Every structure is written in C-alpha cells, then in structure tokens.
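Reviewing the structure listed below.
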Amino acid sequence: MASDAPARVLALAGGVGAARFLAGLVRAMPPEDIAVIVNTGDDMDFYGVHVSPDVDIVTYTLAGRVDRKRGYGIEGDTTAIVDTLGALGHETWFRLGDRDFAHCHHRSLRMRDGVGLGAIADELRRAQGVASRILVMSEDPCPTQVVLAGERRVHFEEYLARDGAPDDVTDVDLSAAQRARPGPGVLDAIAHAETILFCPSNPIVSIGPILAVPGVREAIAAARAPVVAISPIIGGAPVKGPADRLMRGLGHEVSARGVAALYGDLLDGYVLDTRDADHAAAVEASGVRTTVVETLMRSPEIATDLARHTLALADAIRASE
Ligand code: GDP
Ligand code: CA
C-alpha cells in the first residue's frame, strides 16, 4: 500500500517557520512522499487540554486552514472558551481558539483512552485531509525549559507567550528530551529517507529537542540520505521569534553561518539567503555544499521556489556521492 511505503523526503520541523516551508514543499513534490518529524518540546497542558503547538501549526498549515497572519491557530477561529475562562479568573495568556481547543480536547480524550501522541497526530492530520505524514519526535513528555538569569526556569511557552521572550537567557534545558524515546516511526523514517531536510526553524528550541532525543542524531548521522538545512536567520536576524536571544544566550553567533556551525557534521547541504551570500564560503569550507537563494517566504510561490532549490541541492549531493 502506497501510504505505508517509506517517505522519500523527511523533514525535521518546529512550528511557524517550518510550516511556511512545508507549505511550499507540498507544492514542489507529491505530498504523500513527505514525512515530517515535529518538535514536541513545546507541548504543555492549558485549560486542562494537551496542546502540541508545533504539531498543530504544521497540521493546520498543511490543511490550508492556518491563520496566516499569525502563523498559528485556525483561520477565523473564535475565542469564547478562553474569554469565558478569563472572566472566571483564569490566566489566559495562551490564546487557544475554540476550534483549536476542540482538537486539543480530542487529543486529551484519546490520551486518556491510552492512545499515543503519534497515533493521535496521525488521526488529526488525516481528519484534516493532510496527505503528508506527521510524526511526533517522542510520545514521552519532553518540556523544553529556558533558564534565565538568577537560575529562573520557565517552560518555553511561558518564556515566549507569557513573558515575551526576555533576553537574559543563560541556558536551554533539553534534559527531558534527552531521556525520551523516539516517537513511533521516527527512526525508520530517518533510515529510509532519500533526503533529510532541517526546516528553517529555531535551531535551539525546535530542531534542538528533536536531535536531543536519544538515537535521533545518531540515526541521521548514519543515514544514507543527504541532510540539507535551510537557514532561519536572514541578514543576521531571525525573521520572527527568539532564535537570536537563545543563540546568543548559549554563546552561538547569530548568523546563517552560526546555524550551520550548530548543526555541524550532520549537514551535507545548506540553503542560505541572498542577503547572507558572504557566509556561503565559510560554510563550504567546512565541507557543506550551499545554495544561495531568496529564503524570505513572503508568498507560497517563494516558499515553493525555496523548496525546489532545496530539493535540487539534495539531488546534486546525492548524484555526486
Ligand atoms: P516556531 O516553533 O513557531 O517558533 O517555529 P519554527 O521554529 O519552525 O520557526 C521559527 C524560525 O523560523 C525563526 O527562527 C524564523 O527566523 C524562521 N522563519 C520564519 N519565517 C521565515 C522565512 O520566511 N524564511 C526563513 N528563512 N526563515 C523563517
Ligand atoms: Ca514551537
């Protein structure tokens, strides 16, 4: 059965940046030949339901129903649930829409029945007509903690959505992911992929947790597939989000070159923006093939072109091996 065949292209993904790219990738190749391993380090219970922010962003985007302005949530969703909870005195900084809430409530009910996070993600993507496979990096709890000055620790969603991403970051704690087991199908997908992509996602808190799950980094290093990443940094700054604060806090250079250095030996290819063309030579010098193109995905057409260039680089690397 075609749907059980291993996916040709496997992508590692966080939320918004990844989803924008994946929306282009499904226009550049058959969506059923794609599998995505999604970060679950951002998962957290809100209002009594299990929210998987990155899994839901990727699913809603590939289903064509994401709120495009925000990049997350469902287009046209209402907020009666959080507004009502707010009126009753609950903290409502995590603005979960009503339909979004229903999906997360479904997830929680299924978990209560003993169904794993991976099978539930698969149900949810099928129910929304998404042809690409969506795998969770792990079914075990993997909360990413951000450590701030004074040893203050907060969950990543508290850091980002509640506290507005302050810049006194001293560390990022991935120890839960480091003790977790890979999600169903993850190691198999890595072993059988023809191409492995790291989406233009936050390298520290989106791709980082996936690579921290024991066995994942090793499987990618051992995979026959070329590994190609797309830089989430353009002109020395993230397009959106706290990647700069987290990278700086951990002592990494905030640049296209800095992200490539973070991924290190895992990379065979790297796609960076025309604004960062002067970083290509340094990346090439570390033995990584590069492509320099427009990577700011202002439209689905640009995302599709970016996906085509990325696949072409992977094909060229495979052909030269
Ligand atoms: P999150 O989990 O929602 O934060 O999403 P990701 O980790 O997948 O993506 C966040 C990263 O996406 C940020 O570092 C952004 O710089 C990057 N990003 C967002 N939009 C774009 C874009 O159009 N082009 C590129 N190259 N990166 C982008
Ligand atoms: Ca995220």
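By convention here, the chains of the structure tokens are called A, B, ... in the order presented, each chain's residues are numbered starting at 1, and ligands are numbered starting at 1 in the order presented.
Summary of the local environment: counting only C-alpha atoms, residues at most 9 Å from Val283 (chain A), other than itself and those fewer than 5 positions away along its chain, are Arg257, Ala260, Ala261, Tyr270, Val288, Arg289 and Thr290 of chain A.
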>> Set the distance at 7 Å and use only C-alpha atoms: which residues neighbour region 192-199 of chain A once local chain neighbours fewer than 2 positions away are removed? I'd like the list as an NGL selection string.
In response: :A and (6-13 or 18 or 21 or 188-190 or 201 or 225-230 or 314)
Could you please write out, as a short mmCIF file (atom, residue, chain, number, x, y, z; two decimals) with N, CA, C and O atoms, in the first residue's frame, every residue of region 12-153 of chain A that DSSP assigns to alpha helix (DSSP H)?
data_model
loop_
_atom_site.label_atom_id
_atom_site.label_comp_id
_atom_site.auth_asym_id
_atom_site.auth_seq_id
_atom_site.Cartn_x
_atom_site.Cartn_y
_atom_site.Cartn_z
N VAL A 16 6.09 27.69 13.08
CA VAL A 16 5.72 28.63 12.02
C VAL A 16 6.69 28.64 10.83
O VAL A 16 6.26 28.57 9.67
N GLY A 17 8.00 28.73 11.11
CA GLY A 17 8.98 28.78 10.01
C GLY A 17 8.94 27.49 9.21
O GLY A 17 8.96 27.50 7.97
N ALA A 18 8.88 26.38 9.92
CA ALA A 18 8.82 25.07 9.28
C ALA A 18 7.56 24.95 8.43
O ALA A 18 7.61 24.50 7.28
N ALA A 19 6.44 25.35 8.99
CA ALA A 19 5.16 25.17 8.30
C ALA A 19 5.12 25.97 7.00
O ALA A 19 4.63 25.50 5.98
N ARG A 20 5.68 27.19 7.04
CA ARG A 20 5.74 28.00 5.82
C ARG A 20 6.51 27.28 4.74
O ARG A 20 6.13 27.26 3.57
N PHE A 21 7.64 26.69 5.13
CA PHE A 21 8.46 25.96 4.17
C PHE A 21 7.73 24.72 3.67
O PHE A 21 7.72 24.42 2.47
N LEU A 22 7.11 23.99 4.58
CA LEU A 22 6.43 22.73 4.21
C LEU A 22 5.26 23.01 3.26
O LEU A 22 4.96 22.20 2.37
N ALA A 23 4.62 24.16 3.42
CA ALA A 23 3.54 24.54 2.51
C ALA A 23 4.08 24.68 1.08
O ALA A 23 3.38 24.41 0.11
N GLY A 24 5.35 25.10 0.97
CA GLY A 24 6.00 25.15 -0.34
C GLY A 24 6.42 23.77 -0.81
O GLY A 24 6.29 23.42 -1.98
N LEU A 25 6.93 22.97 0.13
CA LEU A 25 7.42 21.63 -0.23
C LEU A 25 6.30 20.77 -0.81
O LEU A 25 6.52 20.03 -1.77
N VAL A 26 5.09 20.86 -0.26
CA VAL A 26 3.98 20.03 -0.77
C VAL A 26 3.50 20.51 -2.14
O VAL A 26 2.75 19.80 -2.81
N ARG A 27 3.94 21.71 -2.55
CA ARG A 27 3.63 22.16 -3.91
C ARG A 27 4.75 21.80 -4.88
O ARG A 27 4.58 21.86 -6.09
N ALA A 28 5.92 21.44 -4.32
CA ALA A 28 7.08 21.13 -5.17
C ALA A 28 7.22 19.64 -5.44
O ALA A 28 8.01 19.24 -6.29
N PRO A 53 1.80 22.65 20.27
CA PRO A 53 1.79 23.83 19.41
C PRO A 53 2.39 23.59 18.03
O PRO A 53 1.78 23.96 17.01
N ASP A 54 3.56 22.95 17.97
CA ASP A 54 4.22 22.81 16.67
C ASP A 54 3.50 21.78 15.78
O ASP A 54 3.37 21.98 14.57
N VAL A 55 3.04 20.69 16.38
CA VAL A 55 2.30 19.68 15.62
C VAL A 55 1.05 20.32 15.02
O VAL A 55 0.71 20.11 13.84
N ASP A 56 0.36 21.12 15.81
CA ASP A 56 -0.89 21.73 15.32
C ASP A 56 -0.61 22.79 14.25
O ASP A 56 -1.34 22.88 13.26
N ILE A 57 0.45 23.59 14.43
CA ILE A 57 0.79 24.59 13.41
C ILE A 57 1.08 23.92 12.07
O ILE A 57 0.58 24.34 11.02
N VAL A 58 1.88 22.86 12.11
CA VAL A 58 2.22 22.15 10.86
C VAL A 58 0.96 21.54 10.25
O VAL A 58 0.72 21.65 9.04
N THR A 59 0.11 20.94 11.08
CA THR A 59 -1.10 20.29 10.56
C THR A 59 -2.06 21.32 9.98
O THR A 59 -2.56 21.16 8.85
N TYR A 60 -2.33 22.37 10.72
CA TYR A 60 -3.28 23.39 10.22
C TYR A 60 -2.74 24.04 8.93
O TYR A 60 -3.50 24.34 8.00
N THR A 61 -1.42 24.26 8.88
CA THR A 61 -0.85 24.88 7.68
C THR A 61 -0.98 23.96 6.48
O THR A 61 -1.43 24.38 5.40
N LEU A 62 -0.63 22.69 6.65
CA LEU A 62 -0.71 21.75 5.52
C LEU A 62 -2.16 21.49 5.14
O LEU A 62 -2.46 21.13 4.00
N ALA A 80 -14.30 32.13 22.46
CA ALA A 80 -15.29 32.13 23.56
C ALA A 80 -14.77 31.37 24.79
O ALA A 80 -15.02 31.79 25.92
N ILE A 81 -14.03 30.27 24.55
CA ILE A 81 -13.61 29.45 25.70
C ILE A 81 -12.61 30.23 26.56
O ILE A 81 -12.81 30.37 27.77
N VAL A 82 -11.54 30.75 25.95
CA VAL A 82 -10.56 31.47 26.79
C VAL A 82 -11.17 32.76 27.35
O VAL A 82 -10.86 33.14 28.48
N ASP A 83 -12.02 33.42 26.59
CA ASP A 83 -12.64 34.65 27.12
C ASP A 83 -13.51 34.33 28.34
O ASP A 83 -13.48 35.06 29.34
N THR A 84 -14.26 33.24 28.26
CA THR A 84 -15.12 32.86 29.39
C THR A 84 -14.27 32.45 30.59
O THR A 84 -14.56 32.85 31.73
N LEU A 85 -13.20 31.68 30.31
CA LEU A 85 -12.31 31.29 31.41
C LEU A 85 -11.67 32.51 32.04
O LEU A 85 -11.53 32.60 33.27
N GLY A 86 -11.30 33.49 31.20
CA GLY A 86 -10.71 34.73 31.71
C GLY A 86 -11.67 35.45 32.64
O GLY A 86 -11.28 35.94 33.71
N ALA A 87 -12.93 35.51 32.23
CA ALA A 87 -13.94 36.19 33.06
C ALA A 87 -14.12 35.47 34.39
O ALA A 87 -14.53 36.08 35.39
N ASP A 98 -11.25 28.46 19.87
CA ASP A 98 -12.26 27.45 20.23
C ASP A 98 -12.11 26.15 19.43
O ASP A 98 -12.19 25.05 19.98
N ARG A 99 -11.92 26.27 18.11
CA ARG A 99 -11.77 25.04 17.31
C ARG A 99 -10.44 24.37 17.62
O ARG A 99 -10.34 23.14 17.66
N ASP A 100 -9.43 25.19 17.83
CA ASP A 100 -8.12 24.70 18.22
C ASP A 100 -8.27 23.92 19.54
O ASP A 100 -7.75 22.79 19.70
N PHE A 101 -9.01 24.51 20.48
CA PHE A 101 -9.28 23.87 21.77
C PHE A 101 -9.92 22.49 21.54
O PHE A 101 -9.54 21.50 22.18
N ALA A 102 -10.87 22.42 20.62
CA ALA A 102 -11.57 21.14 20.37
C ALA A 102 -10.59 20.06 19.89
O ALA A 102 -10.67 18.91 20.32
N HIS A 103 -9.63 20.45 19.03
CA HIS A 103 -8.63 19.48 18.59
C HIS A 103 -7.78 19.00 19.77
O HIS A 103 -7.48 17.82 19.88
N CYS A 104 -7.40 19.93 20.61
CA CYS A 104 -6.56 19.59 21.77
C CYS A 104 -7.35 18.77 22.79
O CYS A 104 -6.81 17.90 23.46
N HIS A 105 -8.65 19.06 22.86
CA HIS A 105 -9.52 18.29 23.76
C HIS A 105 -9.63 16.85 23.24
O HIS A 105 -9.55 15.89 24.00
N HIS A 106 -9.79 16.72 21.92
CA HIS A 106 -9.79 15.39 21.29
C HIS A 106 -8.50 14.65 21.65
O HIS A 106 -8.53 13.49 22.06
N ARG A 107 -7.38 15.35 21.50
CA ARG A 107 -6.08 14.73 21.82
C ARG A 107 -6.08 14.23 23.26
O ARG A 107 -5.66 13.10 23.55
N SER A 108 -6.58 15.05 24.17
CA SER A 108 -6.57 14.70 25.59
C SER A 108 -7.48 13.51 25.87
O SER A 108 -7.12 12.63 26.67
N LEU A 109 -8.64 13.49 25.24
CA LEU A 109 -9.58 12.36 25.44
C LEU A 109 -8.96 11.07 24.94
O LEU A 109 -9.05 10.02 25.58
N ARG A 110 -8.31 11.15 23.79
CA ARG A 110 -7.68 9.94 23.22
C ARG A 110 -6.52 9.49 24.10
O ARG A 110 -6.31 8.28 24.27
N MET A 111 -5.76 10.43 24.63
CA MET A 111 -4.66 10.08 25.53
C MET A 111 -5.20 9.37 26.77
O MET A 111 -4.62 8.40 27.27
N ARG A 112 -6.35 9.84 27.25
CA ARG A 112 -6.98 9.21 28.41
C ARG A 112 -7.40 7.78 28.11
O ARG A 112 -7.41 6.92 28.98
N LEU A 117 0.54 9.80 21.50
CA LEU A 117 0.58 11.10 20.82
C LEU A 117 0.80 10.96 19.31
O LEU A 117 0.26 11.75 18.52
N GLY A 118 1.58 9.95 18.91
CA GLY A 118 1.88 9.76 17.49
C GLY A 118 0.64 9.34 16.71
O GLY A 118 0.33 9.88 15.64
N ALA A 119 -0.10 8.36 17.26
CA ALA A 119 -1.31 7.89 16.58
C ALA A 119 -2.35 9.01 16.54
O ALA A 119 -3.09 9.15 15.56
N ILE A 120 -2.38 9.82 17.58
CA ILE A 120 -3.36 10.92 17.62
C ILE A 120 -2.99 11.99 16.58
O ILE A 120 -3.86 12.50 15.87
N ALA A 121 -1.70 12.29 16.46
CA ALA A 121 -1.27 13.26 15.44
C ALA A 121 -1.66 12.74 14.05
O ALA A 121 -2.08 13.51 13.18
N ASP A 122 -1.54 11.44 13.87
CA ASP A 122 -1.89 10.84 12.57
C ASP A 122 -3.40 10.95 12.32
O ASP A 122 -3.83 11.29 11.21
N GLU A 123 -4.20 10.67 13.35
CA GLU A 123 -5.65 10.83 13.22
C GLU A 123 -6.03 12.26 12.86
O GLU A 123 -6.86 12.51 11.98
N LEU A 124 -5.40 13.19 13.57
CA LEU A 124 -5.75 14.59 13.36
C LEU A 124 -5.36 15.07 11.97
O LEU A 124 -6.11 15.82 11.33
N ARG A 125 -4.22 14.62 11.47
CA ARG A 125 -3.82 15.09 10.13
C ARG A 125 -4.71 14.43 9.07
O ARG A 125 -5.09 15.06 8.09
N ARG A 126 -5.07 13.17 9.25
CA ARG A 126 -5.97 12.51 8.29
C ARG A 126 -7.35 13.17 8.29
O ARG A 126 -7.94 13.40 7.23
N ALA A 127 -7.84 13.48 9.49
CA ALA A 127 -9.17 14.09 9.60
C ALA A 127 -9.21 15.43 8.88
O ALA A 127 -10.26 15.89 8.44
#
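Proximal residues of ligand 2 are Gly14, Gly15, Asp42, Asp54 and Ser206 of chain A, by a cut-off of 6 Å on only C-alpha atoms and all ligand atoms.
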> Neighbours of Ser138 (chain A) within 12 Å (only C-alpha atoms; same-chain residues fewer than 5 positions away dropped), as a PyMOL selection string?
Replying inline: chain A and resi 37-43+52+55+116-119+121+143+176-187+209-216
I need the chosen residues saved as a short mmCIF file (atom, residue, chain, number, x, y, z; two decimals), in the first residue's frame, with N, CA and C atoms.
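Saved as result-v4.cif:
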data_model
loop_
_atom_site.label_atom_id
_atom_site.label_comp_id
_atom_site.auth_asym_id
_atom_site.auth_seq_id
_atom_site.Cartn_x
_atom_site.Cartn_y
_atom_site.Cartn_z
N ILE A 37 8.96 15.06 10.99
CA ILE A 37 9.13 14.80 12.43
C ILE A 37 9.01 16.15 13.14
N VAL A 38 8.02 16.26 14.00
CA VAL A 38 7.73 17.57 14.60
C VAL A 38 8.16 17.61 16.07
N ASN A 39 8.71 18.74 16.46
CA ASN A 39 9.10 19.02 17.84
C ASN A 39 7.89 18.94 18.79
N THR A 40 8.05 18.23 19.89
CA THR A 40 7.01 18.25 20.93
C THR A 40 7.54 18.85 22.23
N GLY A 41 8.70 19.50 22.14
CA GLY A 41 9.26 20.14 23.34
C GLY A 41 8.43 21.32 23.83
N ASP A 42 7.57 21.84 22.96
CA ASP A 42 6.73 22.97 23.34
C ASP A 42 5.39 22.53 23.92
N ASP A 43 5.14 21.21 23.92
CA ASP A 43 3.85 20.72 24.41
C ASP A 43 3.62 21.12 25.87
N SER A 52 -0.19 20.67 21.59
CA SER A 52 1.08 20.38 20.88
C SER A 52 1.26 21.49 19.86
N VAL A 55 3.04 20.69 16.38
CA VAL A 55 2.30 19.68 15.62
C VAL A 55 1.05 20.32 15.02
N GLY A 116 -1.47 6.78 21.93
CA GLY A 116 -0.24 7.56 21.95
C GLY A 116 -0.34 8.85 21.14
N LEU A 117 0.54 9.80 21.50
CA LEU A 117 0.58 11.10 20.82
C LEU A 117 0.80 10.96 19.31
N GLY A 118 1.58 9.95 18.91
CA GLY A 118 1.88 9.76 17.49
C GLY A 118 0.64 9.34 16.71
N ALA A 119 -0.10 8.36 17.26
CA ALA A 119 -1.31 7.89 16.58
C ALA A 119 -2.35 9.01 16.54
N ALA A 121 -1.70 12.29 16.46
CA ALA A 121 -1.27 13.26 15.44
C ALA A 121 -1.66 12.74 14.05
N PRO A 143 9.30 18.56 27.96
CA PRO A 143 9.22 20.02 28.04
C PRO A 143 10.59 20.70 27.95
N ALA A 176 14.71 16.66 29.41
CA ALA A 176 13.56 15.75 29.27
C ALA A 176 13.64 15.04 27.92
N ALA A 177 13.92 15.80 26.85
CA ALA A 177 14.07 15.18 25.53
C ALA A 177 15.23 14.18 25.53
N GLN A 178 16.28 14.51 26.28
CA GLN A 178 17.46 13.63 26.33
C GLN A 178 17.18 12.29 27.01
N ARG A 179 16.05 12.22 27.71
CA ARG A 179 15.67 10.95 28.37
C ARG A 179 14.51 10.27 27.65
N ALA A 180 14.02 10.87 26.58
CA ALA A 180 12.80 10.39 25.93
C ALA A 180 13.12 9.32 24.89
N ARG A 181 12.09 8.57 24.51
CA ARG A 181 12.25 7.60 23.41
C ARG A 181 11.73 8.22 22.11
N PRO A 182 12.35 7.90 20.98
CA PRO A 182 11.85 8.44 19.72
C PRO A 182 10.40 8.03 19.48
N GLY A 183 9.64 8.90 18.86
CA GLY A 183 8.24 8.61 18.56
C GLY A 183 8.10 7.48 17.55
N PRO A 184 6.90 6.90 17.44
CA PRO A 184 6.68 5.80 16.50
C PRO A 184 7.03 6.21 15.07
N GLY A 185 7.83 5.38 14.41
CA GLY A 185 8.16 5.62 13.01
C GLY A 185 9.33 6.55 12.78
N VAL A 186 9.83 7.20 13.85
CA VAL A 186 10.86 8.22 13.66
C VAL A 186 12.17 7.62 13.13
N LEU A 187 12.68 6.60 13.80
CA LEU A 187 13.98 6.06 13.39
C LEU A 187 13.90 5.37 12.03
N PRO A 209 15.56 20.06 20.23
CA PRO A 209 14.93 18.98 21.00
C PRO A 209 14.81 17.68 20.20
N ILE A 210 14.51 17.78 18.89
CA ILE A 210 14.38 16.55 18.08
C ILE A 210 15.71 15.81 18.07
N LEU A 211 16.80 16.57 17.85
CA LEU A 211 18.14 15.95 17.79
C LEU A 211 18.59 15.45 19.16
N ALA A 212 17.96 15.97 20.23
CA ALA A 212 18.36 15.57 21.59
C ALA A 212 17.77 14.23 22.00
N VAL A 213 16.72 13.80 21.31
CA VAL A 213 16.10 12.51 21.67
C VAL A 213 17.10 11.39 21.34
N PRO A 214 17.44 10.56 22.32
CA PRO A 214 18.48 9.54 22.10
C PRO A 214 18.20 8.70 20.86
N GLY A 215 19.20 8.57 20.03
CA GLY A 215 19.08 7.75 18.82
C GLY A 215 18.81 8.57 17.57
N VAL A 216 18.23 9.74 17.70
CA VAL A 216 17.84 10.51 16.51
C VAL A 216 19.07 11.09 15.80
#
> Which residue gives the smallest distance to Ile234 (chain A) among A:Pro200, A:Gly208, A:Gly249, A:Pro300, with only C-alpha atoms counted?
Replying inline: A:Pro200
>> Write out as a ChimeraX atom specification the set of residues from region 65-309 of chain A that DSSP, computed on the backbone, places in strand (DSSP E).
In response: /A:133-136,145-148,152-155,169-173,195-198,227-230,233-234,237-238,269-273,289-293
Selected residues written out, N, CA and C atoms, as an mmCIF file, in the first residue's frame:
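This went into part_37.cif:
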data_model
loop_
_atom_site.group_PDB
_atom_site.id
_atom_site.type_symbol
_atom_site.label_atom_id
_atom_site.label_comp_id
_atom_site.auth_asym_id
_atom_site.auth_seq_id
_atom_site.Cartn_x
_atom_site.Cartn_y
_atom_site.Cartn_z
ATOM 1 N N ARG A 133 2.820 12.610 6.018
ATOM 2 C CA ARG A 133 2.787 12.004 7.350
ATOM 3 C C ARG A 133 3.363 12.935 8.397
ATOM 4 N N ILE A 134 2.732 12.978 9.540
ATOM 5 C CA ILE A 134 3.204 13.831 10.633
ATOM 6 C C ILE A 134 3.559 12.922 11.803
ATOM 7 N N LEU A 135 4.850 12.894 12.138
ATOM 8 C CA LEU A 135 5.347 12.056 13.225
ATOM 9 C C LEU A 135 5.734 12.944 14.399
ATOM 10 N N VAL A 136 5.464 12.504 15.613
ATOM 11 C CA VAL A 136 5.932 13.273 16.768
ATOM 12 C C VAL A 136 7.338 12.805 17.122
ATOM 13 N N GLN A 145 12.888 23.691 28.737
ATOM 14 C CA GLN A 145 12.923 24.736 29.768
ATOM 15 C C GLN A 145 13.963 25.777 29.378
ATOM 16 N N VAL A 146 13.599 27.027 29.532
ATOM 17 C CA VAL A 146 14.553 28.102 29.301
ATOM 18 C C VAL A 146 15.051 28.570 30.670
ATOM 19 N N VAL A 147 16.380 28.653 30.804
ATOM 20 C CA VAL A 147 16.975 29.087 32.065
ATOM 21 C C VAL A 147 17.370 30.553 31.910
ATOM 22 N N LEU A 148 16.906 31.367 32.855
ATOM 23 C CA LEU A 148 17.156 32.811 32.797
ATOM 24 C C LEU A 148 18.084 33.220 33.935
ATOM 25 N N ARG A 152 16.407 31.219 37.132
ATOM 26 C CA ARG A 152 14.964 31.097 36.984
ATOM 27 C C ARG A 152 14.669 30.215 35.770
ATOM 28 N N ARG A 153 13.769 29.249 35.948
ATOM 29 C CA ARG A 153 13.452 28.303 34.878
ATOM 30 C C ARG A 153 12.012 28.445 34.485
ATOM 31 N N VAL A 154 11.763 28.510 33.195
ATOM 32 C CA VAL A 154 10.386 28.569 32.715
ATOM 33 C C VAL A 154 10.222 27.623 31.526
ATOM 34 N N HIS A 155 9.027 27.121 31.360
ATOM 35 C CA HIS A 155 8.713 26.328 30.166
ATOM 36 C C HIS A 155 8.839 27.240 28.947
ATOM 37 N N VAL A 169 18.715 35.083 28.746
ATOM 38 C CA VAL A 169 18.793 33.622 28.670
ATOM 39 C C VAL A 169 20.208 33.161 29.007
ATOM 40 N N THR A 170 20.341 32.187 29.909
ATOM 41 C CA THR A 170 21.671 31.646 30.205
ATOM 42 C C THR A 170 21.809 30.208 29.724
ATOM 43 N N ASP A 171 20.673 29.515 29.558
ATOM 44 C CA ASP A 171 20.768 28.119 29.116
ATOM 45 C C ASP A 171 19.404 27.645 28.614
ATOM 46 N N VAL A 172 19.421 26.558 27.862
ATOM 47 C CA VAL A 172 18.181 25.894 27.455
ATOM 48 C C VAL A 172 18.317 24.442 27.890
ATOM 49 N N ASP A 173 17.347 23.988 28.665
ATOM 50 C CA ASP A 173 17.418 22.659 29.268
ATOM 51 C C ASP A 173 16.573 21.682 28.450
ATOM 52 N N THR A 195 16.077 11.843 1.247
ATOM 53 C CA THR A 195 16.542 13.196 1.544
ATOM 54 C C THR A 195 16.044 13.574 2.937
ATOM 55 N N ILE A 196 16.920 14.198 3.728
ATOM 56 C CA ILE A 196 16.507 14.679 5.055
ATOM 57 C C ILE A 196 16.691 16.198 5.078
ATOM 58 N N LEU A 197 15.643 16.899 5.461
ATOM 59 C CA LEU A 197 15.691 18.368 5.494
ATOM 60 C C LEU A 197 15.514 18.866 6.921
ATOM 61 N N PHE A 198 16.266 19.901 7.286
ATOM 62 C CA PHE A 198 16.006 20.631 8.530
ATOM 63 C C PHE A 198 15.311 21.924 8.096
ATOM 64 N N VAL A 227 21.669 15.349 4.063
ATOM 65 C CA VAL A 227 20.962 16.182 5.032
ATOM 66 C C VAL A 227 21.161 17.645 4.638
ATOM 67 N N VAL A 228 20.067 18.333 4.373
ATOM 68 C CA VAL A 228 20.134 19.728 3.933
ATOM 69 C C VAL A 228 19.288 20.595 4.867
ATOM 70 N N ALA A 229 19.876 21.677 5.370
ATOM 71 C CA ALA A 229 19.135 22.609 6.236
ATOM 72 C C ALA A 229 18.898 23.916 5.504
ATOM 73 N N ILE A 230 17.828 24.596 5.877
ATOM 74 C CA ILE A 230 17.545 25.936 5.370
ATOM 75 C C ILE A 230 17.737 26.899 6.534
ATOM 76 N N ILE A 233 17.866 32.185 9.762
ATOM 77 C CA ILE A 233 18.428 33.515 10.027
ATOM 78 C C ILE A 233 18.678 34.194 8.691
ATOM 79 N N ILE A 234 18.171 35.401 8.563
ATOM 80 C CA ILE A 234 18.365 36.175 7.326
ATOM 81 C C ILE A 234 18.982 37.520 7.708
ATOM 82 N N ALA A 237 19.543 38.111 11.536
ATOM 83 C CA ALA A 237 18.429 38.145 12.493
ATOM 84 C C ALA A 237 17.372 37.117 12.096
ATOM 85 N N PRO A 238 16.667 36.582 13.102
ATOM 86 C CA PRO A 238 15.553 35.696 12.754
ATOM 87 C C PRO A 238 14.444 36.499 12.088
ATOM 88 N N GLY A 269 24.335 19.731 3.084
ATOM 89 C CA GLY A 269 23.973 20.886 2.274
ATOM 90 C C GLY A 269 23.302 21.951 3.125
ATOM 91 N N TYR A 270 23.380 23.201 2.635
ATOM 92 C CA TYR A 270 22.830 24.313 3.407
ATOM 93 C C TYR A 270 22.304 25.367 2.434
ATOM 94 N N VAL A 271 21.090 25.819 2.699
ATOM 95 C CA VAL A 271 20.471 26.833 1.849
ATOM 96 C C VAL A 271 20.418 28.131 2.639
ATOM 97 N N LEU A 272 21.052 29.158 2.091
ATOM 98 C CA LEU A 272 21.054 30.432 2.810
ATOM 99 C C LEU A 272 20.591 31.564 1.904
ATOM 100 N N ASP A 273 20.203 32.646 2.545
ATOM 101 C CA ASP A 273 19.566 33.748 1.836
ATOM 102 C C ASP A 273 20.589 34.583 1.057
ATOM 103 N N ARG A 289 27.907 21.668 0.980
ATOM 104 C CA ARG A 289 27.525 22.348 -0.269
ATOM 105 C C ARG A 289 26.449 23.376 0.029
ATOM 106 N N THR A 290 26.482 24.505 -0.647
ATOM 107 C CA THR A 290 25.497 25.553 -0.360
ATOM 108 C C THR A 290 24.744 25.985 -1.611
ATOM 109 N N THR A 291 23.561 26.518 -1.376
ATOM 110 C CA THR A 291 22.792 27.208 -2.401
ATOM 111 C C THR A 291 22.357 28.536 -1.797
ATOM 112 N N VAL A 292 22.531 29.610 -2.560
ATOM 113 C CA VAL A 292 22.146 30.941 -2.086
ATOM 114 C C VAL A 292 20.925 31.390 -2.888
ATOM 115 N N VAL A 293 19.796 31.565 -2.202
ATOM 116 C CA VAL A 293 18.552 31.972 -2.870
ATOM 117 C C VAL A 293 17.725 32.876 -1.955
#
> Pick from A:Thr310, A:Asn202, A:Ser255, A:Ser320: nearest to ligand 1, with only C-alpha atoms and all ligand atoms counted?
Replying inline: A:Asn202
> Of the candidates A:His279, A:Arg162, A:His50, A:Arg245, which shows the shortest atom-to-atom distance to ligand 1, using only C-alpha atoms and all ligand atoms?
Replying inline: A:Arg245
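The shortest atom-to-atom distance to Ile317 (chain A), with only C-alpha atoms taken into account, belongs to A:Asp268 out of A:Glu294, A:Asp268, A:Glu284, A:Asp278.
Of note, atom 21 (C, counted along the ligand's line) of ligand 1 and CA of Pro232 (chain A) are spaced 6.0 Å apart.
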